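Asks: Here you go, this is my_file10.cif (mmCIF, C-alpha atoms, pLDDT in the B column; chains and numbers go by the auth columns).
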```
data_my_file
#
loop_
_atom_site.group_PDB
_atom_site.id
_atom_site.type_symbol
_atom_site.label_atom_id
_atom_site.label_comp_id
_atom_site.label_asym_id
_atom_site.label_seq_id
_atom_site.Cartn_x
_atom_site.Cartn_y
_atom_site.Cartn_z
_atom_site.B_iso_or_equiv
_atom_site.auth_seq_id
_atom_site.auth_asym_id
ATOM 1 C CA MET A 1 -14.071 48.103 -49.555 69.00 1 A
ATOM 2 C CA ALA A 2 -17.426 48.631 -51.239 82.00 2 A
ATOM 3 C CA ASP A 3 -20.756 48.216 -49.533 92.00 3 A
ATOM 4 C CA GLN A 4 -24.049 47.515 -51.273 92.00 4 A
ATOM 5 C CA ILE A 5 -27.379 49.310 -50.930 92.00 5 A
ATOM 6 C CA THR A 6 -30.707 48.985 -52.706 93.00 6 A
ATOM 7 C CA VAL A 7 -32.022 51.902 -54.761 90.00 7 A
ATOM 8 C CA SER A 8 -35.442 51.912 -56.403 90.00 8 A
ATOM 9 C CA VAL A 9 -35.501 52.831 -60.087 88.00 9 A
ATOM 10 C CA ASP A 10 -38.115 52.537 -62.795 87.00 10 A
ATOM 11 C CA ASN A 11 -38.448 49.308 -64.803 90.00 11 A
ATOM 12 C CA ASP A 12 -36.736 50.663 -67.920 91.00 12 A
ATOM 13 C CA VAL A 13 -33.653 51.725 -65.969 90.00 13 A
ATOM 14 C CA ALA A 14 -33.513 48.392 -64.133 93.00 14 A
ATOM 15 C CA ASN A 15 -33.812 46.422 -67.371 94.00 15 A
ATOM 16 C CA SER A 16 -31.197 48.542 -69.110 93.00 16 A
ATOM 17 C CA TYR A 17 -28.795 48.141 -66.191 95.00 17 A
ATOM 18 C CA ARG A 18 -29.306 44.382 -66.074 96.00 18 A
ATOM 19 C CA SER A 19 -28.730 44.046 -69.804 95.00 19 A
ATOM 20 C CA ALA A 20 -25.584 46.211 -69.791 94.00 20 A
ATOM 21 C CA SER A 21 -22.164 44.622 -70.034 93.00 21 A
ATOM 22 C CA ILE A 22 -20.211 44.113 -66.827 94.00 22 A
ATOM 23 C CA SER A 23 -17.883 46.911 -67.890 91.00 23 A
ATOM 24 C CA ASP A 24 -20.769 49.315 -68.441 92.00 24 A
ATOM 25 C CA ARG A 25 -22.352 48.315 -65.119 93.00 25 A
ATOM 26 C CA ARG A 26 -19.115 49.143 -63.324 92.00 26 A
ATOM 27 C CA LYS A 27 -19.071 52.552 -65.008 92.00 27 A
ATOM 28 C CA LEU A 28 -22.667 53.164 -63.991 92.00 28 A
ATOM 29 C CA ASP A 29 -21.883 52.041 -60.437 92.00 29 A
ATOM 30 C CA VAL A 30 -19.067 54.592 -60.245 90.00 30 A
ATOM 31 C CA LEU A 31 -21.308 57.316 -61.660 89.00 31 A
ATOM 32 C CA VAL A 32 -24.090 56.565 -59.167 90.00 32 A
ATOM 33 C CA ASN A 33 -21.569 56.420 -56.319 90.00 33 A
ATOM 34 C CA LEU A 34 -20.156 59.829 -57.253 87.00 34 A
ATOM 35 C CA ARG A 35 -23.599 61.377 -57.551 83.00 35 A
ATOM 36 C CA LEU A 36 -24.782 59.952 -54.239 86.00 36 A
ATOM 37 C CA ARG A 37 -21.591 61.146 -52.559 87.00 37 A
ATOM 38 C CA GLU A 38 -22.100 64.614 -54.014 80.00 38 A
ATOM 39 C CA ALA A 39 -25.725 64.670 -52.883 77.00 39 A
ATOM 40 C CA THR A 40 -25.059 63.450 -49.353 82.00 40 A
ATOM 41 C CA GLU A 41 -21.982 65.568 -48.678 82.00 41 A
ATOM 42 C CA SER A 42 -23.340 68.776 -50.136 72.00 42 A
ATOM 43 C CA ARG A 43 -24.468 71.640 -47.949 80.00 43 A
ATOM 44 C CA ARG A 44 -27.220 72.178 -50.498 80.00 44 A
ATOM 45 C CA SER A 45 -30.511 70.355 -50.252 81.00 45 A
ATOM 46 C CA LEU A 46 -30.960 67.114 -52.143 76.00 46 A
ATOM 47 C CA ARG A 47 -33.587 68.813 -54.298 84.00 47 A
ATOM 48 C CA GLU A 48 -31.091 71.522 -55.324 85.00 48 A
ATOM 49 C CA VAL A 49 -28.428 68.940 -56.194 78.00 49 A
ATOM 50 C CA MET A 50 -30.915 66.890 -58.223 79.00 50 A
ATOM 51 C CA ARG A 51 -32.071 69.947 -60.142 86.00 51 A
ATOM 52 C CA GLU A 52 -28.476 70.867 -60.961 85.00 52 A
ATOM 53 C CA VAL A 53 -27.652 67.340 -62.119 81.00 53 A
ATOM 54 C CA SER A 54 -30.787 67.313 -64.270 82.00 54 A
ATOM 55 C CA ARG A 55 -30.016 70.736 -65.794 87.00 55 A
ATOM 56 C CA ASN A 56 -26.439 69.735 -66.558 86.00 56 A
ATOM 57 C CA ALA A 57 -27.511 66.459 -68.145 84.00 57 A
ATOM 58 C CA GLN A 58 -30.157 68.169 -70.278 84.00 58 A
ATOM 59 C CA ARG A 59 -27.727 70.923 -71.308 87.00 59 A
ATOM 60 C CA ARG A 60 -25.341 68.208 -72.463 85.00 60 A
ATOM 61 C CA GLY A 61 -28.134 66.516 -74.419 83.00 61 A
ATOM 62 C CA LEU A 62 -28.736 63.616 -72.047 82.00 62 A
ATOM 63 C CA THR A 63 -32.481 63.164 -72.244 80.00 63 A
ATOM 64 C CA PRO A 64 -34.227 60.067 -70.861 80.00 64 A
ATOM 65 C CA GLY A 65 -34.463 58.751 -74.426 81.00 65 A
ATOM 66 C CA VAL A 66 -30.772 59.290 -75.105 78.00 66 A
ATOM 67 C CA LEU A 67 -29.812 57.608 -71.822 76.00 67 A
ATOM 68 C CA LYS A 68 -32.020 54.613 -72.639 77.00 68 A
ATOM 69 C CA SER A 69 -30.443 54.378 -76.076 78.00 69 A
ATOM 70 C CA ILE A 70 -26.949 54.473 -74.580 74.00 70 A
ATOM 71 C CA LEU A 71 -27.790 51.749 -72.102 75.00 71 A
ATOM 72 C CA ASP A 72 -29.575 49.640 -74.724 78.00 72 A
ATOM 73 C CA ASP A 73 -26.455 49.707 -76.926 71.00 73 A
ATOM 74 C CA GLY A 74 -24.373 48.171 -74.101 56.00 74 A
#
```
Show me this structure written as structure tokens.
Replies:
Amino acid sequence: MADQITVSVDNDVANSYRSASISDRRKLDVLVNLRLREATESRRSLREVMREVSRNAQRRGLTPGVLKSILDDG
């Protein structure tokens, strides 16, 4: 059973999420769930986890602009 929480994001992210298809929203929900689980269950600090996620995303070419473009296409 899933539970809901509220997470603050910037306006662009919120608008992109709202305009995404239901299928894409579900995918994003799973991604956020996995990342939050990783961050909260890790023995590392949240800051360390966030830095690693950011580095990995940038290494893979996922810049804020690319992410916005992906979400805008949904």
Asks: Can you work out which one of A:Val13, A:Met50, A:Leu36, A:Ile22 has the shortest atom-to-atom distance to A:Pro64, counting only C-alpha atoms?
Replies: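 Answer, going by the shortest atom-to-atom distance: A:Val13.
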Asks: Could you list the residues chosen by the PyMOL selection byres ((chain A and resi 17) around 12) in this structure as a PyMOL selection string?
Replies: chain A and resi 9-16+18-29+32+67-74
Asks: Residues at most 10 Å from stretch 51-54 of chain A, counting all atoms listed in the file, excluding those fewer than 5 positions away in the same chain, as a list in words?
Replies: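 After dropping sequence-adjacent residues, the list is Arg35, Ala39, Leu46, Arg59, Arg60, Leu62 and Thr63 of chain A.
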Asks: Find the smallest box with edges along x, y and z containing every listed atom of stretch 26-43 of chain A, then add 5 Å on each side and report centre and edge lengths in Å to one decimal, as AutoDock Vina command-line options.
Replies:
```
--center_x -22.4 --center_y 60.4 --center_z -56.5 --size_x 16.7 --size_y 32.5 --size_z 27.1
```
Asks: Could you work out how far atom CA of A:Ser45 lies from atom CA of A:Gly65, giving the answer in Å with one decimal?
Replies: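 Separation of atom CA of A:Gly65 and atom CA of A:Ser45: 27.1 Å.
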Asks: Do you have the atom CA of A:Thr6-atom CA of A:Glu41 distance handy?
Replies: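 Distance between the two atoms: 19.2 Å.
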Asks: Just how far from atom CA of A:Gln58 is atom CA of A:Arg43, in Å to one decimal?
Replies: 23.3 Å
Asks: Ranking A:Glu38, A:Asn33, A:Val66, A:Arg47 by minimum distance to A:Val7 and counting all atoms listed in the file, which one comes first?
Replies: A:Asn33
